[in-house]
Every structure is written in structure tokens, then in C-alpha cells.
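Written below as C-alpha cells is the structure these notes are about.
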Amino acid sequence: MEEDKSSNTIEPQKEAQRNPLHWPKQAWTHFELVRQKSPLIQCITNFVSMDFMANTLLSAGASPAMIHSVEEIPEFTPKALGVCINAGTLTPDWLPGMKLAAQVANQSKKPWVLDPVAAGGSNFRLKACLELLALKPSVVRGNGSEILALFKGCVDSNSKGVDSVHGSSDAVEAAKSLAQQSGSVIAISGAVDYITDGDRVVCVHNGVPMLQKITASGCSVTALIAAFVAVDPSHAVEATASALAIFGVASEIGMDMARGPASLRTLLIDSLYGLDEATALGRVRINRL
Ligand SMILES: Nc1ncnc2c1ncn2[C@@H]1O[C@H](COP(=O)(O)OP(=O)(O)OP(=O)(O)O)[C@@H](O)[C@H]1O
Ligand SMILES: Cc1ncsc1CCO
Ligand SMILES: [Mg+2]
């Protein structure tokens, strides 16, 4: 994130020690950048998530495009500021497009983010996710079970598919090792979200449990991470924490008025759209582990 136009980038960790409001302000600045720049985010995602993901990006101020045809990728992907690749309803015919988009994003020096949905659910899915991981996403965001499956490199006999059977804290050490091995920032979502580059671990304490009852809330926050990293690609850990916190704050505000998952989904989108600085600064809860 630019501190001033004249120079350099801020040093996020030193700044956080000096100023306890550093993380909330940083999250707000990232969100403002998304609203100002309205980054084009290409999403190659599952059929379940397309609508919620596109609306999450739009309400945050980004510009989503659900474009996955392999024929279009060489021409279209360079126009995007960030790419989100999600394995949710993966079939063999989609995989070449995902790999090509990852490669074109890398060549264009644009960040891309991987959501390894249900990575431990089958050998086909696990192999595909590991092949995508080898193409060096800037960030991988998964739930506890997904990150553990990628780290272990084997399917999980207890897998419940897209739902996690592990808490996010169960996967922190695996995420650190995976980040060191892969070079990607790894984010684990859950009651607390953890983000690591293999060295630092940042925790986000925003969100509500009912997000687990809205399908594709994880997919949508992964796309939001792509938007936040797209506007600050050299600080992927911080931008990822900001996206998870802002999404969590929007869910907290929505929850105050919701009657259940269906209304929360709608209210979350409205809250993201209407979020103001004072509310964000008062609610964002991020710290170092
Ligand atoms: N118990 C919880 N308390 C607060 N927030 C939560 C809780 N569990 C999940 N979340 C939040 O919900 C969002 C989705 O995370 P989750 O881990 O459920 O993703 P996921 O399993 O990949 O979801 P999906 O596959 O449906 O997209 C994240 O923003 C996360 O912070
Ligand atoms: C329910 C579901 N099945 C495949 S993808 C998806 C969306 C949540 O990950
Ligand atoms: Mg998921």
C-alpha cells in the first residue's frame, strides 16, 4: 500500500507496533482503493458461487467477469487486474482453462488467487488443485480441511466435501509449511481466519458463524481477496487480511438485521456496499499471532 506518492511502501509490521489502529486503517485503505480503482476481476468459478461471488465483487466496488472459455483467456486475462480460480464444480474440460489463466496472469504480472474447494474430497480434485498450486498463485484461501489436504497431499477419508471437518486453527502449522514450500500466501478461513507467508501469521477475528450456512461465502471472500490483492499486489498478506476482515464486518452488520441465512446473504451484500470508514475502523479486528 502506498503511504505517500513520493516514495516507497509502508512497513506494515513496524507501523502496527506503533499504532494499534494500523490494521483497521489499512483494511479501510485497501477497501477504498478497490472502490476507487474498480479492478476487473476474472473469475473461473463453480456454478453454485457465480451469482453471490459476482454480487460480492460488485457491492465492494470491483468489476467481476465470469469468463472461463479457454479460447478467450489469452485475449481476456491480460485485461484483468486479478484472477480468481475456484475448483468447486471442477470437470476435466475446465482444467486447461484454469491452468492457462494462471499462466497468462503470471506472464502479465497480475495476482491470481486459488480456492481449492473440497481438495481432500477425491484424487482427481486433489491432483488438479496441486497442479494449480504448482503454478504459483499469489494467495490460496481454503477452509481448514482444504489446506490440510493440500499440505498432506492425500485425500481425506473423513471429507465432507466443500464443508470443513477441521477448525481453522488445526491447519496453522500446515499452512506455514505449505506457504514456505509453495511461495504462496496461505489463508485459512473459519471462526478465526489465519493468513501466513510461512513466516508471519496474521489473524482476523471478524465474521459470524452463520456464514457457514450460506453456500459459497468462502468462494466469495476468495474473490474479494483477489480484488484486494489486485490493488496492492506487493502486500498480499495484508491485502488478504483486509479482505477477510471487511467481508467479516459486513456479515456482522448484516447479522444484526438478518432472520436467517437467506436474509443474511442479501444484507451482507448491502452492508458491503454501504460500509463507511467509522464503522470499519470500529469493527475490524486483526492481529499478529
Ligand atoms: N465460526 C465462524 N465464525 C465467524 N466467521 C466464520 C466462521 N466460520 C466461517 N466464517 C467466515 O465465513 C467465511 C467463509 O469461510 P468458510 O471457512 O466457511 O469457507 P468455505 O468452507 O470455503 O465456504 P464455501 O465452500 O461455502 O464457499 C469466511 O469469511 C470466514 O471468516
Ligand atoms: C456446494 C458446492 N458444491 C460444489 S462447489 C459448492 C459451493 C461451495 O463451495
Ligand atoms: Mg470453500
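So you can find residues: chains in the C-alpha cells are A, B, ... in the order shown, residues in each start at 1, and ligands are numbered from 1 in order.
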Would you please give, as a ChimeraX atom specification, all residues of range 43-285 of chain A that DSSP assigns to strand (DSSP E or B) based on the backbone?
/A:43-44,63-65,82-86,112-115,139-143,160,163,185-189,193-196,201-204
Could you save those same residues with C-alpha atoms as a JSON list (two decimals), in the first residue's frame?
[["chain", "number", "residue", "atom", "x", "y", "z"],
["A", 43, "CYS", "CA", -13.42, -15.41, -12.03],
["A", 44, "ILE", "CA", -13.25, -19.01, -13.17],
["A", 63, "SER", "CA", -15.81, -5.33, -11.61],
["A", 64, "PRO", "CA", -16.39, -9.10, -11.95],
["A", 65, "ALA", "CA", -16.26, -11.13, -15.16],
["A", 82, "GLY", "CA", -6.66, -10.01, -10.74],
["A", 83, "VAL", "CA", -7.88, -13.56, -11.34],
["A", 84, "CYS", "CA", -9.80, -15.92, -9.06],
["A", 85, "ILE", "CA", -9.69, -19.66, -9.81],
["A", 86, "ASN", "CA", -12.06, -21.95, -7.91],
["A", 112, "TRP", "CA", -4.23, -14.75, -9.07],
["A", 113, "VAL", "CA", -5.89, -16.47, -6.16],
["A", 114, "LEU", "CA", -6.75, -20.18, -5.81],
["A", 115, "ASP", "CA", -9.75, -21.60, -3.94],
["A", 139, "VAL", "CA", -2.80, -16.47, -2.42],
["A", 140, "VAL", "CA", -4.58, -19.74, -1.65],
["A", 141, "ARG", "CA", -7.72, -19.41, 0.51],
["A", 142, "GLY", "CA", -9.37, -22.54, 1.84],
["A", 143, "ASN", "CA", -11.07, -23.86, 4.93],
["A", 160, "LYS", "CA", -17.41, -33.76, 3.94],
["A", 163, "ASP", "CA", -17.55, -28.24, 4.25],
["A", 185, "VAL", "CA", 0.38, -16.77, 0.85],
["A", 186, "ILE", "CA", -1.96, -19.28, 2.51],
["A", 187, "ALA", "CA", -5.22, -18.16, 4.14],
["A", 188, "ILE", "CA", -7.35, -20.49, 6.28],
["A", 189, "SER", "CA", -10.92, -19.35, 6.89],
["A", 193, "ASP", "CA", -9.03, -16.59, 9.75],
["A", 194, "TYR", "CA", -5.27, -17.12, 9.58],
["A", 195, "ILE", "CA", -3.05, -15.70, 6.86],
["A", 196, "THR", "CA", 0.58, -16.68, 6.53],
["A", 201, "VAL", "CA", 0.82, -15.36, 10.84],
["A", 202, "VAL", "CA", -1.94, -12.74, 10.86],
["A", 203, "CYS", "CA", -5.34, -13.45, 12.49],
["A", 204, "VAL", "CA", -8.71, -11.96, 11.52]]
Write as a PyMOL selection string the residues around ligand 2, taking 10 Å as the cut-off and counting only C-alpha atoms and all ligand atoms.
chain A and resi 45-50+86-90+115-118+142-143+161-163+212+214-220
Generate a file of the selected residues that holds N, CA and C atoms, formatted as a short mmCIF file (atom, residue, chain, number, x, y, z; two decimals), in the first residue's frame.
data_model
loop_
_atom_site.label_atom_id
_atom_site.label_comp_id
_atom_site.auth_asym_id
_atom_site.auth_seq_id
_atom_site.Cartn_x
_atom_site.Cartn_y
_atom_site.Cartn_z
N THR A 45 -15.01 -19.92 -11.84
CA THR A 45 -15.55 -20.44 -10.57
C THR A 45 -16.70 -21.41 -10.79
N ASN A 46 -17.10 -22.03 -9.69
CA ASN A 46 -18.14 -23.06 -9.77
C ASN A 46 -19.52 -22.44 -9.99
N PHE A 47 -20.43 -23.30 -10.51
CA PHE A 47 -21.77 -22.82 -10.86
C PHE A 47 -22.54 -22.33 -9.63
N VAL A 48 -22.29 -22.94 -8.47
CA VAL A 48 -23.02 -22.56 -7.25
C VAL A 48 -22.70 -21.12 -6.86
N SER A 49 -21.44 -20.74 -7.03
CA SER A 49 -20.94 -19.49 -6.46
C SER A 49 -21.08 -18.27 -7.37
N MET A 50 -21.36 -18.50 -8.65
CA MET A 50 -21.20 -17.40 -9.62
C MET A 50 -21.97 -16.14 -9.25
N ASN A 86 -11.35 -21.21 -8.95
CA ASN A 86 -12.06 -21.95 -7.91
C ASN A 86 -12.42 -23.33 -8.45
N ALA A 87 -12.07 -24.36 -7.67
CA ALA A 87 -12.21 -25.75 -8.13
C ALA A 87 -13.55 -26.38 -7.80
N GLY A 88 -14.53 -25.58 -7.38
CA GLY A 88 -15.77 -26.11 -6.81
C GLY A 88 -16.53 -27.14 -7.61
N THR A 89 -16.82 -26.88 -8.87
CA THR A 89 -17.54 -27.87 -9.68
C THR A 89 -16.64 -28.30 -10.84
N LEU A 90 -15.43 -28.67 -10.47
CA LEU A 90 -14.40 -28.98 -11.46
C LEU A 90 -14.75 -30.22 -12.29
N ASP A 115 -8.85 -21.05 -4.95
CA ASP A 115 -9.75 -21.60 -3.94
C ASP A 115 -9.85 -23.11 -4.19
N PRO A 116 -9.15 -23.91 -3.37
CA PRO A 116 -9.08 -25.37 -3.62
C PRO A 116 -10.27 -26.11 -3.02
N VAL A 117 -11.46 -25.81 -3.52
CA VAL A 117 -12.70 -26.33 -2.92
C VAL A 117 -12.67 -27.86 -2.81
N ALA A 118 -12.92 -28.35 -1.61
CA ALA A 118 -13.02 -29.81 -1.36
C ALA A 118 -11.79 -30.56 -1.84
N GLY A 142 -8.50 -21.38 1.66
CA GLY A 142 -9.37 -22.54 1.84
C GLY A 142 -9.80 -22.67 3.27
N ASN A 143 -10.73 -23.58 3.53
CA ASN A 143 -11.07 -23.86 4.93
C ASN A 143 -10.02 -24.83 5.51
N GLY A 161 -16.66 -33.05 1.76
CA GLY A 161 -16.74 -32.27 0.53
C GLY A 161 -16.37 -30.82 0.75
N VAL A 162 -17.28 -29.92 0.41
CA VAL A 162 -16.96 -28.49 0.47
C VAL A 162 -16.94 -27.97 1.92
N ASP A 163 -17.53 -28.70 2.86
CA ASP A 163 -17.55 -28.24 4.25
C ASP A 163 -16.33 -28.76 5.00
N GLN A 212 -21.35 -19.97 7.60
CA GLN A 212 -21.21 -21.39 7.19
C GLN A 212 -22.50 -21.94 6.60
N ILE A 214 -24.35 -20.21 4.49
CA ILE A 214 -24.57 -19.58 3.18
C ILE A 214 -23.58 -20.21 2.21
N THR A 215 -24.09 -20.96 1.24
CA THR A 215 -23.18 -21.61 0.32
C THR A 215 -22.39 -20.57 -0.46
N ALA A 216 -21.12 -20.88 -0.66
CA ALA A 216 -20.22 -20.03 -1.44
C ALA A 216 -19.81 -18.74 -0.74
N SER A 217 -20.01 -18.67 0.57
CA SER A 217 -19.46 -17.49 1.27
C SER A 217 -17.93 -17.53 1.21
N GLY A 218 -17.37 -18.72 1.33
CA GLY A 218 -15.90 -18.84 1.21
C GLY A 218 -15.44 -18.50 -0.20
N CYS A 219 -16.15 -19.02 -1.20
CA CYS A 219 -15.79 -18.71 -2.60
C CYS A 219 -15.81 -17.20 -2.82
N SER A 220 -16.84 -16.55 -2.27
CA SER A 220 -16.99 -15.11 -2.50
C SER A 220 -15.89 -14.31 -1.81
#
Name the closest residue to ligand 1 among the candidates A:Asn287, A:Thr222, A:Asn123, A:Asn158; distances are taken between atoms, counting only C-alpha atoms and all ligand atoms.
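Going through A:Asn287, A:Thr222, A:Asn123, A:Asn158 one by one, the smallest distance to ligand 1 is for A:Thr222.
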Calculate how many Å separate CA of Leu211 in chain A from CA of Arg285 in chain A, rounding to one decimal.
17.2 Å
